[in-house]
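Data from start_14.cif: mmCIF, C-alpha atoms
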```
data_start
#
loop_
_atom_site.group_PDB
_atom_site.id
_atom_site.type_symbol
_atom_site.label_atom_id
_atom_site.label_comp_id
_atom_site.auth_asym_id
_atom_site.auth_seq_id
_atom_site.Cartn_x
_atom_site.Cartn_y
_atom_site.Cartn_z
ATOM 1 C CA MET A 484 104.638 6.424 110.823
ATOM 2 C CA GLU A 485 104.913 4.304 107.709
ATOM 3 C CA THR A 486 108.522 3.490 106.898
ATOM 4 C CA LEU A 487 109.214 3.688 103.182
ATOM 5 C CA THR A 488 111.914 1.736 101.444
ATOM 6 C CA ARG A 489 114.493 3.842 99.624
ATOM 7 C CA GLU A 490 112.994 2.752 96.309
ATOM 8 C CA GLU A 491 109.477 3.740 97.392
ATOM 9 C CA PHE A 492 110.771 7.077 98.659
ATOM 10 C CA ASP A 493 112.589 7.850 95.406
ATOM 11 C CA GLU A 494 109.523 6.949 93.336
ATOM 12 C CA LEU A 495 107.260 9.216 95.396
ATOM 13 C CA VAL A 496 109.729 12.103 95.287
ATOM 14 C CA ALA A 497 109.982 11.765 91.501
ATOM 15 C CA LYS A 498 106.200 12.023 91.256
ATOM 16 C CA ALA A 499 106.161 15.036 93.589
ATOM 17 C CA ASP A 500 108.866 16.755 91.537
ATOM 18 C CA VAL A 501 106.822 16.546 88.316
ATOM 19 C CA GLY A 502 103.513 17.348 89.999
ATOM 20 C CA THR A 503 101.836 13.952 89.589
ATOM 21 C CA ALA A 504 101.871 12.923 93.260
ATOM 22 C CA THR A 505 98.410 12.242 94.704
ATOM 23 C CA PRO A 506 97.316 13.516 98.125
ATOM 24 C CA GLU A 507 97.969 9.982 99.396
ATOM 25 C CA ASP A 508 101.482 10.081 97.953
ATOM 26 C CA LEU A 509 102.221 13.389 99.644
ATOM 27 C CA ALA A 510 100.854 12.098 102.942
ATOM 28 C CA ARG A 511 103.285 9.162 102.761
ATOM 29 C CA LEU A 512 106.138 11.594 102.085
ATOM 30 C CA GLU A 513 105.188 14.017 104.854
ATOM 31 C CA PRO A 514 107.373 12.389 107.568
ATOM 32 C CA TYR A 515 110.364 12.915 105.269
ATOM 33 C CA ARG A 516 109.673 16.590 104.534
ATOM 34 C CA ALA A 517 112.175 19.217 105.695
ATOM 35 C CA LYS A 518 110.215 21.380 108.111
ATOM 36 C CA ARG A 519 112.802 23.585 109.801
ATOM 37 C CA ALA A 520 116.381 24.806 109.736
ATOM 38 C CA VAL A 521 119.042 25.845 112.230
ATOM 39 C CA LEU A 522 121.848 28.189 111.199
ATOM 40 C CA LEU A 523 124.804 28.553 113.541
ATOM 41 C CA ALA A 524 126.146 32.078 113.117
ATOM 42 C CA SER A 525 127.717 33.137 116.405
ATOM 43 C CA GLY A 526 131.418 32.963 115.517
ATOM 44 C CA MET A 527 133.814 35.917 115.204
ATOM 45 C CA GLY A 528 135.320 35.090 111.805
ATOM 46 C CA THR A 529 138.752 36.247 112.909
ATOM 47 C CA ARG A 530 140.530 34.737 109.907
ATOM 48 C CA MET A 531 138.725 37.245 107.651
ATOM 49 C CA ALA A 532 139.645 40.358 109.624
ATOM 50 C CA PRO A 533 139.566 43.288 109.075
ATOM 51 C CA ILE A 534 136.361 42.758 107.071
ATOM 52 C CA THR A 535 134.760 41.016 110.028
ATOM 53 C CA ILE A 536 135.647 43.707 112.562
ATOM 54 C CA ASN A 537 132.303 45.399 111.941
ATOM 55 C CA THR A 538 130.450 42.705 109.974
ATOM 56 C CA PRO A 539 129.769 39.117 111.073
ATOM 57 C CA LYS A 540 131.180 36.693 108.515
ATOM 58 C CA PRO A 541 127.765 35.302 107.435
ATOM 59 C CA LEU A 542 126.711 38.853 106.508
ATOM 60 C CA VAL A 543 129.767 39.550 104.357
ATOM 61 C CA ARG A 544 128.721 40.194 100.766
ATOM 62 C CA VAL A 545 130.131 38.024 97.991
ATOM 63 C CA ASN A 546 129.393 39.344 94.507
ATOM 64 C CA GLY A 547 126.787 41.635 96.049
ATOM 65 C CA ARG A 548 124.963 38.988 98.071
ATOM 66 C CA ARG A 549 125.325 38.076 101.743
ATOM 67 C CA ILE A 550 126.850 34.649 102.346
ATOM 68 C CA ILE A 551 123.964 33.610 104.593
ATOM 69 C CA SER A 552 121.423 34.626 101.947
ATOM 70 C CA SER A 553 122.583 31.734 99.774
ATOM 71 C CA LEU A 554 121.271 29.423 102.506
ATOM 72 C CA LEU A 555 118.120 31.344 103.381
ATOM 73 C CA ASP A 556 117.018 31.689 99.760
ATOM 74 C CA ALA A 557 117.539 27.973 99.135
ATOM 75 C CA LEU A 558 115.459 27.155 102.215
ATOM 76 C CA ALA A 559 112.672 29.475 101.081
ATOM 77 C CA ALA A 560 112.648 27.763 97.684
ATOM 78 C CA ILE A 561 111.754 24.402 99.266
ATOM 79 C CA GLY A 562 109.169 25.840 101.642
ATOM 80 C CA VAL A 563 111.094 25.740 104.929
ATOM 81 C CA ASP A 564 109.731 28.634 106.982
ATOM 82 C CA ASP A 565 110.716 27.648 110.532
ATOM 83 C CA ILE A 566 114.258 29.014 110.652
ATOM 84 C CA THR A 567 116.367 29.635 113.750
ATOM 85 C CA ILE A 568 119.629 31.566 113.489
ATOM 86 C CA VAL A 569 121.850 31.409 116.569
ATOM 87 C CA VAL A 570 123.891 34.617 116.753
ATOM 88 C CA GLY A 571 126.561 35.907 119.097
ATOM 89 C CA TYR A 572 129.343 38.145 117.734
ATOM 90 C CA LEU A 573 127.832 41.479 116.616
ATOM 91 C CA ALA A 574 124.418 39.921 117.187
ATOM 92 C CA GLU A 575 122.502 43.138 116.492
ATOM 93 C CA GLU A 576 123.802 43.220 112.914
ATOM 94 C CA PHE A 577 121.639 40.208 112.057
ATOM 95 C CA ASP A 578 118.460 42.252 112.592
ATOM 96 C CA VAL A 579 118.863 43.411 108.990
ATOM 97 C CA LEU A 580 117.795 39.935 107.857
ATOM 98 C CA LEU A 581 114.353 40.227 109.429
ATOM 99 C CA ARG A 582 113.199 42.651 106.770
ATOM 100 C CA ASP A 583 113.760 40.207 103.913
ATOM 101 C CA TYR A 584 113.240 37.008 105.899
ATOM 102 C CA PRO A 585 110.395 37.574 108.390
ATOM 103 C CA GLN A 586 110.219 33.818 109.008
ATOM 104 C CA VAL A 587 113.605 33.936 110.756
ATOM 105 C CA LYS A 588 113.927 33.752 114.536
ATOM 106 C CA LEU A 589 117.159 35.047 116.073
ATOM 107 C CA VAL A 590 118.506 33.418 119.238
ATOM 108 C CA LYS A 591 121.466 35.001 121.017
ATOM 109 C CA ASN A 592 124.313 32.901 122.384
ATOM 110 C CA ASP A 593 125.991 34.785 125.219
ATOM 111 C CA GLN A 594 128.724 32.138 125.490
ATOM 112 C CA TYR A 595 129.975 32.427 121.908
ATOM 113 C CA ALA A 596 133.335 33.928 122.911
ATOM 114 C CA THR A 597 134.226 31.299 125.519
ATOM 115 C CA THR A 598 132.914 28.052 123.983
ATOM 116 C CA ASN A 599 132.875 26.379 120.596
ATOM 117 C CA ASN A 600 129.722 26.145 118.478
ATOM 118 C CA ILE A 601 128.340 23.288 120.566
ATOM 119 C CA SER A 602 126.882 26.009 122.829
ATOM 120 C CA SER A 603 124.965 27.468 119.881
ATOM 121 C CA ALA A 604 123.635 24.038 118.921
ATOM 122 C CA VAL A 605 122.436 23.477 122.468
ATOM 123 C CA LEU A 606 120.349 26.664 122.348
ATOM 124 C CA ALA A 607 118.569 25.356 119.241
ATOM 125 C CA SER A 608 118.601 21.676 120.166
ATOM 126 C CA GLY A 609 114.813 21.517 120.242
ATOM 127 C CA CYS A 610 114.676 22.465 116.560
ATOM 128 C CA PHE A 611 116.678 19.608 115.003
ATOM 129 C CA GLU A 612 113.788 17.315 114.022
ATOM 130 C CA ASN A 613 113.234 17.182 110.244
ATOM 131 C CA ALA A 614 115.807 19.950 110.021
ATOM 132 C CA TYR A 615 118.702 21.177 107.957
ATOM 133 C CA VAL A 616 121.573 22.465 110.097
ATOM 134 C CA PHE A 617 124.215 24.814 108.719
ATOM 135 C CA GLU A 618 127.439 26.546 109.441
ATOM 136 C CA SER A 619 126.283 29.978 108.299
ATOM 137 C CA ASP A 620 129.527 31.077 106.659
ATOM 138 C CA LEU A 621 129.257 28.594 103.787
ATOM 139 C CA LEU A 622 128.400 29.950 100.354
ATOM 140 C CA LEU A 623 125.905 27.541 98.818
ATOM 141 C CA GLN A 624 126.607 27.651 95.100
ATOM 142 C CA ASN A 625 124.279 24.774 94.193
ATOM 143 C CA PRO A 626 120.936 25.425 95.919
ATOM 144 C CA ALA A 627 119.514 22.245 94.384
ATOM 145 C CA LEU A 628 121.359 20.357 97.143
ATOM 146 C CA LEU A 629 118.620 21.455 99.527
ATOM 147 C CA THR A 630 115.641 19.309 98.640
ATOM 148 C CA LYS A 631 112.157 19.287 100.080
ATOM 149 C CA TYR A 632 112.402 15.662 101.162
ATOM 150 C CA GLN A 633 115.283 13.758 102.761
ATOM 151 C CA TYR A 634 115.280 10.026 103.434
ATOM 152 C CA GLU A 635 117.893 9.857 106.195
ATOM 153 C CA SER A 636 120.219 11.908 108.360
ATOM 154 C CA ASN A 637 123.253 13.008 106.375
ATOM 155 C CA TYR A 638 126.138 15.424 105.909
ATOM 156 C CA LEU A 639 127.313 16.834 102.618
ATOM 157 C CA GLY A 640 130.811 15.654 101.783
ATOM 158 C CA VAL A 641 133.270 15.060 98.967
ATOM 159 C CA PHE A 642 135.043 11.706 98.873
ATOM 160 C CA VAL A 643 138.783 12.320 98.459
ATOM 161 C CA ASP A 644 142.070 10.441 98.595
ATOM 162 C CA GLU A 645 143.487 12.921 101.097
ATOM 163 C CA THR A 646 142.585 16.190 102.824
ATOM 164 C CA PRO A 647 144.112 18.375 105.566
ATOM 165 C CA ASP A 648 140.632 19.609 106.481
ATOM 166 C CA TRP A 649 137.830 18.175 108.605
ATOM 167 C CA CYS A 650 136.717 14.838 107.211
ATOM 168 C CA PHE A 651 134.633 11.744 107.847
ATOM 169 C CA ASP A 652 135.703 8.143 107.976
ATOM 170 C CA THR A 653 132.911 5.978 106.582
ATOM 171 C CA ASP A 654 132.092 2.329 106.096
ATOM 172 C CA ASP A 655 131.442 0.746 102.702
ATOM 173 C CA GLU A 656 127.900 2.147 102.699
ATOM 174 C CA GLY A 657 128.988 5.720 103.357
ATOM 175 C CA VAL A 658 127.848 5.689 106.981
ATOM 176 C CA ILE A 659 129.969 7.979 109.174
ATOM 177 C CA ARG A 660 132.191 6.173 111.667
ATOM 178 C CA ASP A 661 134.431 9.037 112.805
ATOM 179 C CA LEU A 662 135.113 12.754 112.362
ATOM 180 C CA HIS A 663 138.550 14.348 112.610
ATOM 181 C CA LYS A 664 140.866 16.880 110.989
ATOM 182 C CA GLY A 665 143.019 15.528 108.201
ATOM 183 C CA GLY A 666 142.827 12.061 106.716
ATOM 184 C CA THR A 667 143.152 9.757 103.745
ATOM 185 C CA HIS A 668 140.489 7.816 101.830
ATOM 186 C CA CYS A 669 137.816 9.835 103.562
ATOM 187 C CA ALA A 670 135.077 12.386 102.876
ATOM 188 C CA HIS A 671 135.897 16.094 103.082
ATOM 189 C CA MET A 672 133.266 17.565 105.385
ATOM 190 C CA PHE A 673 130.913 20.419 104.637
ATOM 191 C CA GLY A 674 128.949 21.813 107.589
ATOM 192 C CA ILE A 675 125.564 21.236 105.979
ATOM 193 C CA SER A 676 123.545 18.389 107.448
ATOM 194 C CA TYR A 677 120.012 17.053 107.666
ATOM 195 C CA TRP A 678 118.421 15.301 110.640
ATOM 196 C CA THR A 679 115.371 13.059 110.662
ATOM 197 C CA ALA A 680 112.670 13.398 113.289
ATOM 198 C CA GLU A 681 114.094 10.404 115.184
ATOM 199 C CA ASP A 682 117.674 11.653 115.178
ATOM 200 C CA GLY A 683 116.632 15.235 115.894
ATOM 201 C CA HIS A 684 114.811 13.966 118.976
ATOM 202 C CA LYS A 685 117.984 12.197 120.117
ATOM 203 C CA LEU A 686 120.039 15.350 119.594
ATOM 204 C CA ALA A 687 117.647 17.328 121.805
ATOM 205 C CA HIS A 688 118.839 15.057 124.610
ATOM 206 C CA ASP A 689 122.446 14.380 123.638
ATOM 207 C CA LEU A 690 123.571 17.929 122.876
ATOM 208 C CA PRO A 691 122.742 19.427 126.311
ATOM 209 C CA GLU A 692 123.981 16.315 128.081
ATOM 210 C CA GLN A 693 127.369 16.413 126.370
ATOM 211 C CA PHE A 694 127.722 20.187 126.698
ATOM 212 C CA ALA A 695 127.187 19.876 130.447
ATOM 213 C CA LYS A 696 130.544 18.079 130.654
ATOM 214 C CA PRO A 697 133.322 20.693 131.008
ATOM 215 C CA GLN A 698 135.685 18.775 128.717
ATOM 216 C CA ASN A 699 133.248 19.230 125.821
ATOM 217 C CA ARG A 700 132.842 23.026 125.954
ATOM 218 C CA GLN A 701 135.393 23.552 123.168
ATOM 219 C CA ARG A 702 134.080 20.855 120.840
ATOM 220 C CA PHE A 703 132.245 21.384 117.610
ATOM 221 C CA TRP A 704 128.612 20.324 117.882
ATOM 222 C CA ASP A 705 129.098 17.733 115.132
ATOM 223 C CA ASP A 706 131.252 15.716 117.543
ATOM 224 C CA VAL A 707 128.124 14.725 119.437
ATOM 225 C CA PRO A 708 126.489 12.561 116.731
ATOM 226 C CA CYS A 709 129.708 11.711 114.881
ATOM 227 C CA VAL A 710 132.119 10.973 117.754
ATOM 228 C CA LEU A 711 130.814 11.157 121.317
ATOM 229 C CA CYS A 712 127.470 9.435 120.732
ATOM 230 C CA ARG A 713 128.017 7.911 117.291
ATOM 231 C CA ASP A 714 126.674 4.499 118.335
ATOM 232 C CA ARG A 715 123.235 6.107 118.659
ATOM 233 C CA TYR A 716 123.177 7.446 115.101
ATOM 234 C CA ARG A 717 123.395 6.191 111.530
ATOM 235 C CA VAL A 718 124.413 9.238 109.511
ATOM 236 C CA ARG A 719 125.445 8.929 105.902
ATOM 237 C CA VAL A 720 127.643 11.156 103.726
ATOM 238 C CA ARG A 721 125.594 12.683 100.903
ATOM 239 C CA PRO A 722 128.076 13.225 98.073
ATOM 240 C CA CYS A 723 128.576 16.635 96.499
ATOM 241 C CA THR A 724 131.441 18.418 94.733
ATOM 242 C CA PHE A 725 133.799 21.226 95.678
ATOM 243 C CA ASP A 726 131.951 23.428 93.185
ATOM 244 C CA ASP A 727 128.692 23.057 95.127
ATOM 245 C CA VAL A 728 129.764 24.801 98.333
ATOM 246 C CA ALA A 729 132.442 27.446 98.875
ATOM 247 C CA GLU A 730 134.313 27.589 102.177
ATOM 248 C CA ILE A 731 135.762 31.093 102.455
ATOM 249 C CA ASP A 732 138.250 31.151 105.308
ATOM 250 C CA SER A 733 140.533 34.047 104.403
ATOM 251 C CA LEU A 734 140.694 37.348 102.565
ATOM 252 C CA ALA A 735 142.683 35.657 99.812
ATOM 253 C CA GLU A 736 139.957 33.067 99.246
ATOM 254 C CA LEU A 737 137.320 35.804 99.319
ATOM 255 C CA ALA A 738 139.209 37.770 96.674
ATOM 256 C CA GLN A 739 139.392 34.697 94.462
ATOM 257 C CA ILE A 740 135.613 34.500 94.377
ATOM 258 C CA ASP A 741 134.816 38.226 94.364
ATOM 259 C CA PRO A 742 137.242 40.545 92.493
ATOM 260 C CA ALA A 743 135.900 43.540 94.449
ATOM 261 C CA TYR A 744 138.087 42.445 97.379
ATOM 262 C CA ARG A 745 141.322 42.345 95.398
ATOM 263 C CA MET A 746 143.801 44.978 96.497
#
```

If you convert what's in this file into structure tokens, what do you get?
Amino acid sequence: METLTREEFDELVAKADVGTATPEDLARLEPYRAKRAVLLASGMGTRMAPITINTPKPLVRVNGRRIISSLLDALAAIGVDDITIVVGYLAEEFDVLLRDYPQVKLVKNDQYATTNNISSAVLASGCFENAYVFESDLLLQNPALLTKYQYESNYLGVFVDETPDWCFDTDDEGVIRDLHKGGTHCAHMFGISYWTAEDGHKLAHDLPEQFAKPQNRQRFWDDVPCVLCRDRYRVRVRPCTFDDVAEIDSLAELAQIDPAYRM
């Protein structure tokens, strides 16, 4: 595979965006094209009960549209048609998606209630090459963040002075050095990432290996590349804003976005 410099990559993408890229240009970009996606959707969404008693959180409608549809529609717009959704809680409810998204493959995680989402990632670990990976309860309000080509492995994040939420420590180049909850002079984490073919291949090995250790069963999958095996990866924060992605963790936050839920 030819390795492009960042400048060469940006120039080729600009040509592709305006339709002036030659077949040779597109061939050079092909190793950087997003080819698949993994959506982790097995959780119970307990913080949004009672709405989630009968409806998995990713299927909750916000302003008439399912949360997960904001991700699936953005993927369709950039031509990603190899999509794996790992389900668990109320798994059968996700069958409704197959009518509108026939390209979707559903994989059931039978361990969703006793492990953290690392178990879901393990089930899809063979699908991480040239792939976007999502927490499926995020409302993507700026679909332009999902682009057809990505130069390097990255997570979306917002650089902040302080946050009580999950965040990344980075070096001066924005490369992730640690992941933890709460921090200062860090990057607020969004659970939307992209993985190159090389890093996706590593994850196919590292995810099952780390999950096999009992002490890791309750970890988030992101701990594997960002904490447990971080020396094997060079993952950068891709900056976005808080307006780009909505994290809806409670009924109150849901009602703020969609007045239909206001009591």

With all atoms listed in the file as the counted atoms, please give the residues lying no more than 9 Å from region 517-521 of chain A, apart from itself and same-chain residues fewer than 4 positions off, as a PDB file with C-alpha atoms, keeping the file's coordinate frame.
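This is the output file out01.pdb:
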```pdb
ATOM      1  CA  GLU A 513     105.188  14.017 104.854  1.00  0.00           C
ATOM      2  CA  LEU A 558     115.459  27.155 102.215  1.00  0.00           C
ATOM      3  CA  ILE A 561     111.754  24.402  99.266  1.00  0.00           C
ATOM      4  CA  GLY A 562     109.169  25.840 101.642  1.00  0.00           C
ATOM      5  CA  VAL A 563     111.094  25.740 104.929  1.00  0.00           C
ATOM      6  CA  ASP A 564     109.731  28.634 106.982  1.00  0.00           C
ATOM      7  CA  ASP A 565     110.716  27.648 110.532  1.00  0.00           C
ATOM      8  CA  ILE A 566     114.258  29.014 110.652  1.00  0.00           C
ATOM      9  CA  THR A 567     116.367  29.635 113.750  1.00  0.00           C
ATOM     10  CA  ILE A 568     119.629  31.566 113.489  1.00  0.00           C
ATOM     11  CA  VAL A 569     121.850  31.409 116.569  1.00  0.00           C
ATOM     12  CA  ALA A 604     123.635  24.038 118.921  1.00  0.00           C
ATOM     13  CA  ALA A 607     118.569  25.356 119.241  1.00  0.00           C
ATOM     14  CA  SER A 608     118.601  21.676 120.166  1.00  0.00           C
ATOM     15  CA  CYS A 610     114.676  22.465 116.560  1.00  0.00           C
ATOM     16  CA  PHE A 611     116.678  19.608 115.003  1.00  0.00           C
ATOM     17  CA  GLU A 612     113.788  17.315 114.022  1.00  0.00           C
ATOM     18  CA  ASN A 613     113.234  17.182 110.244  1.00  0.00           C
ATOM     19  CA  ALA A 614     115.807  19.950 110.021  1.00  0.00           C
ATOM     20  CA  TYR A 615     118.702  21.177 107.957  1.00  0.00           C
ATOM     21  CA  VAL A 616     121.573  22.465 110.097  1.00  0.00           C
ATOM     22  CA  PHE A 617     124.215  24.814 108.719  1.00  0.00           C
ATOM     23  CA  GLU A 618     127.439  26.546 109.441  1.00  0.00           C
ATOM     24  CA  THR A 630     115.641  19.309  98.640  1.00  0.00           C
ATOM     25  CA  LYS A 631     112.157  19.287 100.080  1.00  0.00           C
ATOM     26  CA  TYR A 632     112.402  15.662 101.162  1.00  0.00           C
ATOM     27  CA  GLN A 633     115.283  13.758 102.761  1.00  0.00           C
ATOM     28  CA  TYR A 677     120.012  17.053 107.666  1.00  0.00           C
ATOM     29  CA  TRP A 678     118.421  15.301 110.640  1.00  0.00           C
ATOM     30  CA  THR A 679     115.371  13.059 110.662  1.00  0.00           C
TER      31      THR A 679
END
```

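Among the candidates A:Val720, A:Ala499, A:Leu580, A:Leu621, the one nearest to Ala670 (chain A) when counting only C-alpha atoms is A:Val720.
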
Evaluating the PyMOL selection byres ((chain A and resi 535) around 12) on the displayed file yields which residues, as a ChimeraX atom specification?
/A:526-534,536-544,572-573,576,620,732-734

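Contact shell of Pro691 (chain A) at 12 Å (all atoms listed in the file; same-chain neighbours under 3 positions omitted): Ile601, Ser602, Ser603, Ala604, Val605, Leu606, Ala607, Ser608, Gly609, Lys685, Leu686, Ala687, His688, Phe694, Ala695, Lys696, Pro697, Asn699, Arg700, Trp704 and Val707 of chain A.
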
Just how far from CA of Thr597 (chain A) is CA of Val728 (chain A), in Å to one decimal?
28.3 Å

Within 8 Å of Ala557 (chain A) using only C-alpha atoms, minus same-chain residues under 3 positions, as a PDB file with C-alpha atoms, in the coordinates of the input:
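See around32.pdb below for the written result:
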```pdb
ATOM      1  CA  SER A 553     122.583  31.734  99.774  1.00  0.00           C
ATOM      2  CA  LEU A 554     121.271  29.423 102.506  1.00  0.00           C
ATOM      3  CA  ALA A 560     112.648  27.763  97.684  1.00  0.00           C
ATOM      4  CA  ILE A 561     111.754  24.402  99.266  1.00  0.00           C
ATOM      5  CA  PRO A 626     120.936  25.425  95.919  1.00  0.00           C
ATOM      6  CA  ALA A 627     119.514  22.245  94.384  1.00  0.00           C
ATOM      7  CA  LEU A 629     118.620  21.455  99.527  1.00  0.00           C
TER       8      LEU A 629
END
```
